[in-house]
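**Q** Can you read through this structure? Questions will come right after.
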Amino acid sequence: MPKIVIDSREIDAEPGENIVDAAARAGIEIPTLCYLKGYDPSTSCQVCLVKDARNGRLVPACGTRVVEGMRFESETPDVHDARRVALELLLSEHVGDCRAPCDFACPCHMDIPLMLEQIHGQHLRDAIVTVKRDIALPAALGRVCPKPCEKGCRRNDADGPVAVCDLKRYVADADLASGDPYAAPCLPDSGKRIAVVGGGPSGLSAVYYLRRAGHACALFEQRPELGGRLRTEERAEDLPRDLLDAEIAQITRLGVDLHLNTAITDQPQLDSLASEFDAVVLACGVLASHGVERFGLKASRKGIDVDRETYATNRPGVFAIGNALRGKGLVVRSCADGKEVAHIVGRFAAGRKLEPASDFSSRMGKLLPGELPSLMERASPSERRVPSHGTDYDHESAIAQSIRCMECACPSHGKCKLERYSAIYGADPNRFTKERPPYELIGRNSSVVFEPGKCIKCELCIQIARRGGEPIGLSFVGRGFDVVVSVPFGRGLDEALTNVAAECVEACPTAALRFANTLRGAPDLVTLEVPGAACGANGSVPPACAVTPAGRST
Amino acid sequence: MPDLDLTPVDRIVSEIGLHPDAVIPILQAIQEEYRFLPAEALEKVCELTEITPASIAGVSTFYTHFRHRPVGRHMVSVCQGTACHVKGAGLVEDAFKHHLKLGAGVDTDASGEFTVQQVACLGCCTLGPVVQIDEGTFGYVSPQGVPRVLREFDQAERASGQAIHRPMANGNPNGVTEVRVGLGSCCLAQGSAKVHDALRETLDEIGAKGLVKQVGCTGICHRTPLVELVMGDGTTHVYSKVDPPTAREIILRHFRPRGLLRPVREAVSRWLDRFQSDEAGDVIARHATDMRETSVASFLGPQKHLAMELCDVIDPLDFEEYRRHDGFTALNKCLTGLDPEQIIEQVRVSGLRGRGGAGFPTHIKWSAVRAALGDGAPDTVKYVICNGDEGDPGAFMDRMLLESVPFRIIEGMAIAARAVGAHEAVFYIRHEYPLAVKRIRDAIRQCEERRILGKSVMGTGYALRMEVKEGAGAFICGEETALIHSIEGGRGTPRLRPPYPAESGLWEKPTLINNVETFAVIPWILRNGGSAFAEMGTATSKGTKVFALAGKIVRGGLIEVPMGVSIRRIVEDVGGGVAPGRRFKAVQIGGPSGGCVPAELADTPIDYESLAKVGAIMGSGGLVVLDDADCMVDIARYFLRFTQDQSCGKCTYCRVGTKRMLDILDRLCAGKGRKGDLEALEQLSRMVGAGSLCGLGKTAPNPVLSTLKYFRAEYEEHLKGRCPAGKCVDLIDYRINDKCIGCTICAQHCPVHAIPMTAYQRHWIDLDICTRCDTCKQVCPEDAVHVTSGPA
């Protein structure tokens, strides 16, 4: 058996196998988009590049067969740079949004299209799971939020946005009224203890996501009740208190060491929290500058001064969120702060580099003329309707409104290999500016559809169709930058793929080729590890950097 | 649309074959028949053959030669070669489009008469800009000359450059004067076919005894058409730039009418008239070129012709003449006197390295193929391929060799086949070289007839079969693995090596692939011995190298020089330097994979290592001289546009990376560069070089990197919106200065009427209308038009 070395690990390879497979058997993941075991490596995506340590040349691992004595580098800054540039080049011609514009407009980055799909499918339990992955207080927000998500909705430019916020409230209310509200699962105890100061929207959110990540939480609130400004600033007719209490209870049921009527206002108190806990999160609401000074922290114009990306104050281990740093921010922004700080604090407690969860997404940007009508074709033409104040959707109208969604998010979001590796390698989708080709969907009336703008020209579908003996099949048409996958003689996709459609769809590394009625379903809550020994996006070498595919904390 | 008659498809298929690898020849035949590829015809092919729809769709759209839309009755092909580019091919193309009133995105004129297309290098680099209309080639075309070209073509379409080979009755009877006329593509482009006809007709007319003989390329392309007379006593007379009337004069001067009894009174009287008039003498004198004349002597002086030794001497297709010039003696020696190891040993001793560009030692390749599957299996199938897919814009030595000495290439290949143990050999020649294809086919046929090829080569029992495969317009097919895919009937995409073709090549059999020029020197090496070859050149680069010398130079042409000669020697001595008043700025060596070597480094010797050290490569031997009117950013963009266009589209780095590099260069040339663009370009160039799969992508950044290295200031000027050379049309303005005498010539010639007709007054140019076509500057007799660039 030939022995090869990858990053100073010796591997026993099978004769004739390629580097990707040999590495995989040894537990080293070399990223690849175009390679599928059992098919000829097309060596096209170049994401699997490794460096031949003997001559310094970069070679595609999928197309290189093992030979005794080979030595490769895989997890080094050079190799990661090469992989990242390959991904960035692919992204530079990618026409599509991993995540929808509404998702981006929402400070909490909720996966709105998925929720809408779940409402449509009458899977309200799945829908609340989706909602609560990013929003800890959806019933409350559904009543107080000024709905930035709906401003982001592309349909806003046509006949009005999808009623995202009202539908979210519908989901949350249904959950609370179900008699068995959703209790989010928590990861096993991390052994870390975090103090959160302030039980308003940001503090509650922080607690919720810290608990879900397995950290023990102590929550300090100066008032006798939790809820902060939701209780002090919102009118009860807008936000019924029983509902607020019920929603807060869904947070505290995850197990929180509650300290009500306990004000934390000065440095000695902060010192003792800091010594007792692994980290402290200040979510104590609006603070005047002298309030900040009493904590012994650096102040900004609006409150506590923090690093914008990590919420870190000038005191290591102390973080601040919500109005404590913003002065006057939206409630939804505070909720987002809570979620994001939970991720950062988790990294801090684990002794890892402070950086936000990857929020990678390819983005289509502004639509070109004519694209909106084309995108609307896949949505219901029904009118926007919102329930009048104090009432709610009934079942049917909720569904009718949910299917107004144009499904701007990618159906492969969460499972796409291009997205996954772009997140891992920190690819910047805008590094190479370009003029975007128009959005195109081929095969609207067939069972399989093709989005050329998402194709990375990996050749897998062509190979599968050829091997499957498809009489028409698929082929590359044209060459160079303009090459596209196409059905010969202008035939339809259903004619091209009569018996291997499922195999082609399964093999497609992106969402270029898929079934027309693809439902996304809930993506797994996976934590991605950089393959191998890990190396940071900028060449530094952090320990295995866990990122979620689209910025979701787990 | 009326139903298409598909019966020719049946005929084509039955003639060519049913196997999947017949797809390219079938497509070529269909296009020949219909002038494009009708979809119905392609579907019919799939019904009749084993060719799949996916294969025919993939292949027919990969090669640019294939057209899927009907075209006009005549094809106007504007050469995009480097030399043509620097001499303004872009402006010529625009002029054709303007003249034929083609709107944006339209390639065929309203009457369906002409279709204008770009074509990769036609290999007539010294005559740039070159335009081909159907089979006829026009050299030195200027924008304002476009109407004349079309008119000339129209007049009985007599510009037909169709080379008609007229076999001679018998060999050269002693004592008869030989009239040699070059019939290579360059000569043809300058009308040498007409000259050839005029020479013959005049001889027939006066009944003189003389032998008009077509020879291959003389290499002195800047003086074509060239006529050489070899008198019975061996003295020679050379006439350059000959046209048909001059050809008559030449004959009339050197030949006497044979016997006054023949009814040639008219001819004789004309002969007497012309010969005795001073006017005729002047004409002759103007065209007479003394070989001792300084310019020709300098041109030929530093040269050493090995590969080209017979090019301007023999009739390319005269088998007997080739034999008389030691033809096939080397092959004979290899079949009877030397065993394969000894042949390879001679090649090793010679130090020959592959002339295709990379310079890989030839004997190592040969040994590898010989050793492949050398487990004693005598019936192991192996192939030898001659790579004649010369696609570098600015290189045409392979075309010249194939056209001029086809027997020589066949002999070289046969020797290689013998050495490696192959019995099958394939020529892969690009379709843009129809004359080369025709001559090689003809030469193979003659060799078969004379038992040089076939079941028993030269009666030794050694079998060797040769065939010709034509390319279809894809530069990437010069890459050996892509070339193999193309022969196998696929899209010409390269694959990762190893395995190398020596191990697994054509049809997965061991395959030797060498370039035309490499094969051309093999017979010389075997005849004269490897050490004779190794005596020339440098320590690591032996022998000679053929270059296509073109661009901003006084004497362009095909040259063959010993390795180690300096760039300066080539530019100044051989080429005669740049035009008076201009400054030698750089040479571009190695085409799209090569780099620009600045004039300051002109003492760099021509050898593989020295060129690599300065950021260029030997490449296939294109050598384009640039002067101070050439913009280096434009040159970098020109080459990158070429490689980007020719990328097969397989790997991400090349497919998308070269496009993103081009985006930046386009921005720079349009004056829209941004801060950080140069750094981004440099970085991306390095990544594309490191990450691409094959040689095309790996070397594509070279022209960019070398110009960034030596001419960075020029790039920085473009960032500021200035083109110092005055070349980038978006950054320049044309202005008329006070030298203007108001002659109105510019106003008459301006194709867009941007210059008001103001006789006897200083003219001015309306810059909003002006398209920067350069016509006014070219026609101005007073040098009153000048170019300005940058924020005024």
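We label chains A, B, ... in the order they appear in the structure tokens, count residues from 1 in each chain, and number ligands from 1 in the order shown.
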Which residues come within 8 Å of range 426-436 of chain B, counting only C-alpha atoms, excluding same-chain residues fewer than 4 positions away, as a list in words?

**A**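 After dropping sequence-adjacent residues, the list is Leu122, Ala163, Ser185, Tyr383, Val384, Ile385, Cys386, Asn387, Gly388, Asp389, Glu390, Gly391, Arg399, Met400, Leu402, Glu403, Ile440, Met466, Glu467, Val468, Lys469, Glu470, Gly471, Ala472, Gly473, Leu483 and Ile487 of chain B.
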
**Q** Need the shell around Pro501 in chain B: protein/DNA/RNA residues with any atom at most 12 Å away, counting only C-alpha atoms. Skip same-chain ones fewer than 6 positions apart. Format as an mmCIF file with N, CA and C atoms, in the first residue's frame?

**A**
```cif
data_model
loop_
_atom_site.group_PDB
_atom_site.id
_atom_site.type_symbol
_atom_site.label_atom_id
_atom_site.label_comp_id
_atom_site.auth_asym_id
_atom_site.auth_seq_id
_atom_site.Cartn_x
_atom_site.Cartn_y
_atom_site.Cartn_z
ATOM 1 N N LYS B 365 11.336 12.295 -24.055
ATOM 2 C CA LYS B 365 9.982 11.952 -24.508
ATOM 3 C C LYS B 365 10.025 10.682 -25.343
ATOM 4 N N TRP B 366 10.967 10.647 -26.279
ATOM 5 C CA TRP B 366 11.066 9.502 -27.184
ATOM 6 C C TRP B 366 11.355 8.226 -26.392
ATOM 7 N N ALA B 368 10.678 7.635 -23.311
ATOM 8 C CA ALA B 368 9.521 7.262 -22.499
ATOM 9 C C ALA B 368 8.505 6.499 -23.336
ATOM 10 N N VAL B 369 8.271 6.986 -24.556
ATOM 11 C CA VAL B 369 7.289 6.303 -25.404
ATOM 12 C C VAL B 369 7.847 4.952 -25.847
ATOM 13 N N ALA B 372 7.433 2.674 -22.949
ATOM 14 C CA ALA B 372 6.071 2.434 -22.480
ATOM 15 C C ALA B 372 5.613 1.049 -22.881
ATOM 16 N N LYS B 382 1.102 2.017 -30.559
ATOM 17 C CA LYS B 382 1.583 3.332 -30.142
ATOM 18 C C LYS B 382 1.306 4.322 -31.259
ATOM 19 N N TYR B 383 1.261 5.584 -30.888
ATOM 20 C CA TYR B 383 0.994 6.612 -31.885
ATOM 21 C C TYR B 383 2.065 7.701 -31.860
ATOM 22 N N VAL B 384 2.270 8.271 -33.038
ATOM 23 C CA VAL B 384 3.076 9.490 -33.118
ATOM 24 C C VAL B 384 2.169 10.578 -33.674
ATOM 25 N N ILE B 385 2.168 11.714 -33.011
ATOM 26 C CA ILE B 385 1.329 12.809 -33.471
ATOM 27 C C ILE B 385 2.211 14.024 -33.764
ATOM 28 N N GLU B 479 -2.467 22.213 -26.818
ATOM 29 C CA GLU B 479 -2.090 21.502 -25.585
ATOM 30 C C GLU B 479 -2.269 20.024 -25.871
ATOM 31 N N GLU B 480 -1.284 19.205 -25.502
ATOM 32 C CA GLU B 480 -1.281 17.840 -26.028
ATOM 33 C C GLU B 480 -2.470 16.992 -25.590
ATOM 34 N N THR B 481 -2.915 17.139 -24.339
ATOM 35 C CA THR B 481 -4.045 16.299 -23.937
ATOM 36 C C THR B 481 -5.347 16.775 -24.586
ATOM 37 N N ALA B 482 -5.446 18.088 -24.806
ATOM 38 C CA ALA B 482 -6.618 18.617 -25.499
ATOM 39 C C ALA B 482 -6.611 18.164 -26.953
ATOM 40 N N LEU B 483 -5.437 18.181 -27.551
ATOM 41 C CA LEU B 483 -5.288 17.738 -28.936
ATOM 42 C C LEU B 483 -5.753 16.287 -29.079
ATOM 43 N N ILE B 484 -5.368 15.462 -28.111
ATOM 44 C CA ILE B 484 -5.772 14.058 -28.156
ATOM 45 C C ILE B 484 -7.288 13.933 -28.050
ATOM 46 N N HIS B 485 -7.888 14.699 -27.129
ATOM 47 C CA HIS B 485 -9.354 14.675 -27.030
ATOM 48 C C HIS B 485 -9.988 15.075 -28.343
ATOM 49 N N PRO B 494 -8.249 20.022 -21.989
ATOM 50 C CA PRO B 494 -7.092 19.290 -21.484
ATOM 51 C C PRO B 494 -7.475 18.498 -20.237
ATOM 52 N N ARG B 495 -6.619 17.601 -19.877
ATOM 53 C CA ARG B 495 -6.829 16.919 -18.609
ATOM 54 C C ARG B 495 -5.547 17.025 -17.795
ATOM 55 N N TRP B 507 -6.296 7.293 -27.608
ATOM 56 C CA TRP B 507 -6.992 6.026 -27.326
ATOM 57 C C TRP B 507 -6.328 5.279 -26.157
ATOM 58 N N GLU B 508 -5.789 6.084 -25.243
ATOM 59 C CA GLU B 508 -5.126 5.577 -24.033
ATOM 60 C C GLU B 508 -3.882 4.731 -24.338
ATOM 61 N N LYS B 509 -3.333 4.905 -25.507
ATOM 62 C CA LYS B 509 -2.108 4.186 -25.875
ATOM 63 C C LYS B 509 -0.915 5.139 -25.732
ATOM 64 N N PRO B 510 0.269 4.574 -25.552
ATOM 65 C CA PRO B 510 1.468 5.433 -25.488
ATOM 66 C C PRO B 510 1.579 6.276 -26.761
ATOM 67 N N THR B 511 1.801 7.553 -26.579
ATOM 68 C CA THR B 511 1.752 8.458 -27.720
ATOM 69 C C THR B 511 2.870 9.486 -27.632
ATOM 70 N N LEU B 512 3.541 9.659 -28.757
ATOM 71 C CA LEU B 512 4.568 10.695 -28.843
ATOM 72 C C LEU B 512 3.978 11.890 -29.571
ATOM 73 N N ILE B 513 4.024 13.037 -28.922
ATOM 74 C CA ILE B 513 3.557 14.255 -29.588
ATOM 75 C C ILE B 513 4.715 15.231 -29.678
ATOM 76 N N ASN B 514 5.056 15.603 -30.897
ATOM 77 C CA ASN B 514 6.074 16.627 -31.095
ATOM 78 C C ASN B 514 5.534 17.683 -32.035
#
```

**Q** Find, counting only C-alpha atoms, the residue in A:Pro107, A:Gly56, A:Gly351, A:Gly322 that gets nearest to chain B.

**A**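 Among A:Pro107, A:Gly56, A:Gly351, A:Gly322, it is A:Gly56 that comes nearest to chain B.
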
**Q** Identify, with DSSP run on backbone atoms, the residues in range 389-517 of chain B assigned to strand (DSSP E or B), and express the list as a list of chain:residue names.

**A**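 Matching residues, listed in order: B:Glu424, B:Ala425, B:Val426, B:Phe427, B:Tyr428, B:Ile429, B:Gly454, B:Leu464, B:Arg465, B:Met466, B:Glu467, B:Val468, B:Lys469, B:Glu470, B:Thr511, B:Leu512, B:Ile513, B:Asn514, B:Asn515.
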
**Q** Measuring between only C-alpha atoms, which one of B:Leu684, B:Cys669, B:Val227, B:Cys770 shows the shortest distance to chain A?

**A**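 Smallest separation from chain A among the options: B:Leu684.
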
**Q** Using only C-alpha atoms and a cut-off of 8 Å, which residues of chain A sit close to chain B? Please list them as a PyMOL selection string.

**A** chain A and resi 43-46+49+57-59+63-64+82+85-86+89-90+93+432+434+457+471-483+487-489

**Q** I need the residues from that last selection saved to file as a compact mmCIF listing (two decimals), in the first residue's frame (with N, CA and C atoms), if you can.

**A**
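What landed in again-v8.txt:
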```txt
# COMPACT_ATOMS: atom_id res chain seq x y z
N THR A 43 -11.75 17.65 -12.39
CA THR A 43 -10.71 18.63 -12.00
C THR A 43 -11.07 20.03 -12.48
N SER A 44 -12.30 20.40 -12.25
CA SER A 44 -12.71 21.71 -12.76
C SER A 44 -12.84 22.77 -11.68
N CYS A 45 -13.37 22.41 -10.50
CA CYS A 45 -13.67 23.50 -9.56
C CYS A 45 -12.40 24.06 -8.93
N GLN A 46 -11.38 23.26 -8.80
CA GLN A 46 -10.08 23.68 -8.24
C GLN A 46 -10.19 24.07 -6.76
N LEU A 49 -7.63 22.02 -4.30
CA LEU A 49 -6.19 22.16 -4.50
C LEU A 49 -5.40 21.81 -3.24
N ARG A 57 4.03 22.94 -6.27
CA ARG A 57 2.94 23.17 -7.22
C ARG A 57 1.59 22.84 -6.60
N LEU A 58 0.59 23.61 -7.00
CA LEU A 58 -0.76 23.31 -6.57
C LEU A 58 -1.37 22.31 -7.54
N VAL A 59 -1.94 21.25 -7.01
CA VAL A 59 -2.58 20.25 -7.89
C VAL A 59 -3.96 19.93 -7.33
N GLY A 63 -7.94 14.75 -8.86
CA GLY A 63 -7.44 14.14 -10.09
C GLY A 63 -6.04 13.57 -9.93
N THR A 64 -5.50 13.65 -8.73
CA THR A 64 -4.13 13.17 -8.52
C THR A 64 -4.16 11.82 -7.83
N ALA A 82 -5.60 29.64 -1.97
CA ALA A 82 -5.92 29.15 -3.32
C ALA A 82 -7.36 28.64 -3.37
N VAL A 85 -9.71 31.66 -3.23
CA VAL A 85 -9.82 32.41 -4.48
C VAL A 85 -10.66 31.63 -5.49
N ALA A 86 -10.49 30.31 -5.53
CA ALA A 86 -11.32 29.51 -6.44
C ALA A 86 -12.80 29.69 -6.10
N LEU A 89 -13.92 33.16 -7.14
CA LEU A 89 -14.12 33.26 -8.59
C LEU A 89 -15.46 32.63 -8.98
N LEU A 90 -15.77 31.49 -8.38
CA LEU A 90 -17.07 30.87 -8.67
C LEU A 90 -18.20 31.78 -8.22
N GLU A 93 -19.49 34.75 -10.42
CA GLU A 93 -20.43 34.58 -11.54
C GLU A 93 -21.70 33.88 -11.05
N PHE A 432 -14.43 39.91 -6.38
CA PHE A 432 -14.27 40.23 -7.80
C PHE A 432 -15.56 40.83 -8.29
N LYS A 434 -18.33 42.35 -10.66
CA LYS A 434 -18.74 41.85 -11.96
C LYS A 434 -20.06 42.47 -12.35
N LYS A 457 -20.34 24.37 -13.49
CA LYS A 457 -19.74 23.64 -14.62
C LYS A 457 -18.89 22.46 -14.15
N PRO A 471 -30.80 8.98 -23.83
CA PRO A 471 -30.72 9.18 -25.29
C PRO A 471 -30.42 10.63 -25.66
N ILE A 472 -30.97 11.57 -24.95
CA ILE A 472 -30.68 12.97 -25.25
C ILE A 472 -29.56 13.47 -24.34
N GLY A 473 -29.78 13.40 -23.06
CA GLY A 473 -28.72 13.75 -22.12
C GLY A 473 -28.44 15.24 -22.06
N LEU A 474 -27.31 15.55 -21.47
CA LEU A 474 -26.90 16.94 -21.29
C LEU A 474 -25.51 17.12 -21.87
N SER A 475 -25.18 18.35 -22.23
CA SER A 475 -23.81 18.58 -22.69
C SER A 475 -23.41 20.00 -22.39
N PHE A 476 -22.10 20.23 -22.40
CA PHE A 476 -21.61 21.59 -22.37
C PHE A 476 -21.86 22.19 -23.74
N VAL A 477 -22.26 23.43 -23.74
CA VAL A 477 -22.41 24.14 -25.00
C VAL A 477 -21.56 25.40 -24.91
N GLY A 478 -20.83 25.67 -25.98
CA GLY A 478 -19.92 26.80 -25.97
C GLY A 478 -18.64 26.42 -25.26
N ARG A 479 -17.82 27.41 -25.02
CA ARG A 479 -16.58 27.11 -24.31
C ARG A 479 -16.12 28.34 -23.54
N GLY A 480 -15.11 28.13 -22.72
CA GLY A 480 -14.54 29.23 -21.97
C GLY A 480 -15.54 29.78 -20.96
N PHE A 481 -15.44 31.10 -20.77
CA PHE A 481 -16.28 31.73 -19.77
C PHE A 481 -17.76 31.56 -20.09
N ASP A 482 -18.08 31.40 -21.36
CA ASP A 482 -19.48 31.34 -21.76
C ASP A 482 -20.06 29.94 -21.78
N VAL A 483 -19.28 28.96 -21.35
CA VAL A 483 -19.78 27.59 -21.44
C VAL A 483 -20.99 27.43 -20.51
N VAL A 487 -29.39 21.24 -22.84
CA VAL A 487 -29.97 20.04 -23.44
C VAL A 487 -29.81 20.14 -24.95
N PRO A 488 -29.24 19.10 -25.58
CA PRO A 488 -29.02 19.18 -27.03
C PRO A 488 -30.32 19.42 -27.81
N PHE A 489 -30.19 20.04 -28.94
CA PHE A 489 -31.28 20.26 -29.89
C PHE A 489 -32.46 21.00 -29.26
```

**Q** List as a PDB file with C-alpha atoms, in the first residue's frame the protein and nucleic acid residues near Gly145 in chain B, meaning an atom at most 12 Å away when only C-alpha atoms are counted, but skip any in the same chain fewer than 3 places from it.

**A**
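Generated output (result_0.pdb):
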```
ATOM      1  CA  LEU B  91      -9.661  49.681 -36.820  1.00  0.00           C
ATOM      2  CA  VAL B  92      -9.798  47.645 -40.021  1.00  0.00           C
ATOM      3  CA  GLU B  93     -12.557  45.477 -38.593  1.00  0.00           C
ATOM      4  CA  ALA B  95     -14.034  49.955 -41.050  1.00  0.00           C
ATOM      5  CA  PHE B  96     -15.493  46.806 -42.618  1.00  0.00           C
ATOM      6  CA  HIS B  99     -18.667  50.151 -44.677  1.00  0.00           C
ATOM      7  CA  PRO B 129      -3.234  43.919 -41.025  1.00  0.00           C
ATOM      8  CA  VAL B 130      -4.379  40.905 -43.006  1.00  0.00           C
ATOM      9  CA  VAL B 131      -7.896  40.177 -44.156  1.00  0.00           C
ATOM     10  CA  PHE B 138      -5.207  40.683 -48.563  1.00  0.00           C
ATOM     11  CA  GLY B 139      -2.194  42.178 -46.839  1.00  0.00           C
ATOM     12  CA  TYR B 140      -1.470  45.688 -45.543  1.00  0.00           C
ATOM     13  CA  VAL B 141      -5.154  46.553 -45.319  1.00  0.00           C
ATOM     14  CA  SER B 142      -5.863  49.981 -43.865  1.00  0.00           C
ATOM     15  CA  ARG B 148     -10.882  49.243 -52.349  1.00  0.00           C
ATOM     16  CA  VAL B 149     -10.405  45.735 -50.975  1.00  0.00           C
ATOM     17  CA  LEU B 150     -14.091  44.974 -51.360  1.00  0.00           C
ATOM     18  CA  ARG B 151     -14.099  46.457 -54.834  1.00  0.00           C
ATOM     19  CA  GLU B 152     -11.115  44.398 -55.826  1.00  0.00           C
ATOM     20  CA  HIS B 749     -11.761  60.180 -45.763  1.00  0.00           C
ATOM     21  CA  PRO B 751     -15.907  57.644 -42.338  1.00  0.00           C
ATOM     22  CA  THR B 775      -7.859  57.418 -40.724  1.00  0.00           C
ATOM     23  CA  GLN B 778      -2.951  58.162 -41.790  1.00  0.00           C
ATOM     24  CA  VAL B 779      -4.132  60.151 -44.807  1.00  0.00           C
TER      25      VAL B 779
END
```

**Q** I'd like the neighbourhood of Gln267 in chain A as a CSV table (one decimal) with N, CA and C atoms, in the first residue's frame, where a residue qualifies if any of its atoms comes within 6 Å (using only C-alpha atoms), though same-chain residues fewer than 4 positions away should be ignored.

**A**
```csv
chain,number,residue,atom,x,y,z
A,271,ASP,N,-16.9,43.6,39.2
A,271,ASP,CA,-15.7,42.8,39.6
A,271,ASP,C,-16.1,41.4,40.1
A,294,ARG,N,-19.4,54.3,36.1
A,294,ARG,CA,-19.5,53.6,37.4
A,294,ARG,C,-19.1,52.2,37.2
A,295,PHE,N,-19.4,51.6,36.0
A,295,PHE,CA,-18.9,50.3,35.8
A,295,PHE,C,-17.4,50.2,35.5
A,296,GLY,N,-16.8,51.4,35.4
A,296,GLY,CA,-15.4,51.4,35.1
A,296,GLY,C,-15.1,51.1,33.6
```

**Q** Ile264 in chain A: which residues within 9 Å, counting only C-alpha atoms, same-chain residues fewer than 6 positions away excluded, as a list of chain:residue names?

**A** A:Val197, A:Gly198, A:Phe220, A:Glu221, A:Gln222, A:Leu270, A:Cys284

**Q** Would you please work out which residue, of A:Arg71, A:Arg143, A:His343, A:His215, is nearest to Ser388 in chain A when using only C-alpha atoms?

**A**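 The closest residue to Ser388 in chain A is A:Arg143.
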
**Q** Per DSSP on the backbone, filter range 631-778 of chain B down to the residues in alpha helix (DSSP H) and report them as a ChimeraX atom specification.

**A** /B:632-646,652,658-669,677-691,695-699,702-710,712-719,745-749,775-778

**Q** Excluding range 408-411 of chain B and its own-chain neighbours fewer than 4 positions away, which residues fall within 8 Å of it when counting only C-alpha atoms? Please give them as a VMD selection string.

**A** chain B and resid 327 to 328 330 to 331 401 to 402 415 444 516 519 to 520 523

**Q** Take CA of Gly575 in chain B and CA of Gly182 in chain B and report the distance between them in Å, one decimal.

**A**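 Interatomic distance here is 20.3 Å.
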
**Q** Find the residues near Glu535 in chain B: any atom within 12 Å, counting only C-alpha atoms, skip ones fewer than 2 places away on the same chain, and give them as JSON, numbers by chain.

**A** {"B": [349, 350, 351, 352, 525, 528, 529, 530, 531, 532, 533, 537, 538, 539, 540, 541, 542, 543, 544, 562, 563, 564]}

**Q** For the selection just defined, write its residues with C-alpha atoms to a file, as a CSV table (one decimal), in the first residue's frame.

**A**
```csv
chain,number,residue,atom,x,y,z
B,349,VAL,CA,23.5,14.0,-28.3
B,350,SER,CA,21.9,16.8,-30.4
B,351,GLY,CA,20.5,18.3,-27.2
B,352,LEU,CA,17.2,19.0,-29.1
B,525,ILE,CA,20.2,15.7,-37.1
B,528,ASN,CA,24.6,15.2,-40.0
B,529,GLY,CA,24.8,13.6,-36.6
B,530,GLY,CA,23.6,14.9,-33.2
B,531,SER,CA,26.9,16.5,-32.4
B,532,ALA,CA,26.8,18.7,-35.5
B,533,PHE,CA,23.5,20.1,-34.2
B,537,GLY,CA,23.6,27.2,-29.7
B,538,THR,CA,24.3,27.5,-26.0
B,539,ALA,CA,25.1,25.1,-23.2
B,540,THR,CA,21.4,24.2,-22.6
B,541,SER,CA,19.7,25.3,-25.8
B,542,LYS,CA,21.2,23.6,-28.8
B,543,GLY,CA,20.8,24.1,-32.5
B,544,THR,CA,18.6,26.8,-34.2
B,562,PRO,CA,21.2,29.8,-33.8
B,563,MET,CA,20.2,29.6,-30.2
B,564,GLY,CA,22.0,32.2,-28.1
```

**Q** Considering only C-alpha atoms, state which residue in the set B:Asp315, B:Asp603, B:Glu714, B:Glu228 is at the smallest distance from Val242 in chain B.

**A** B:Glu228
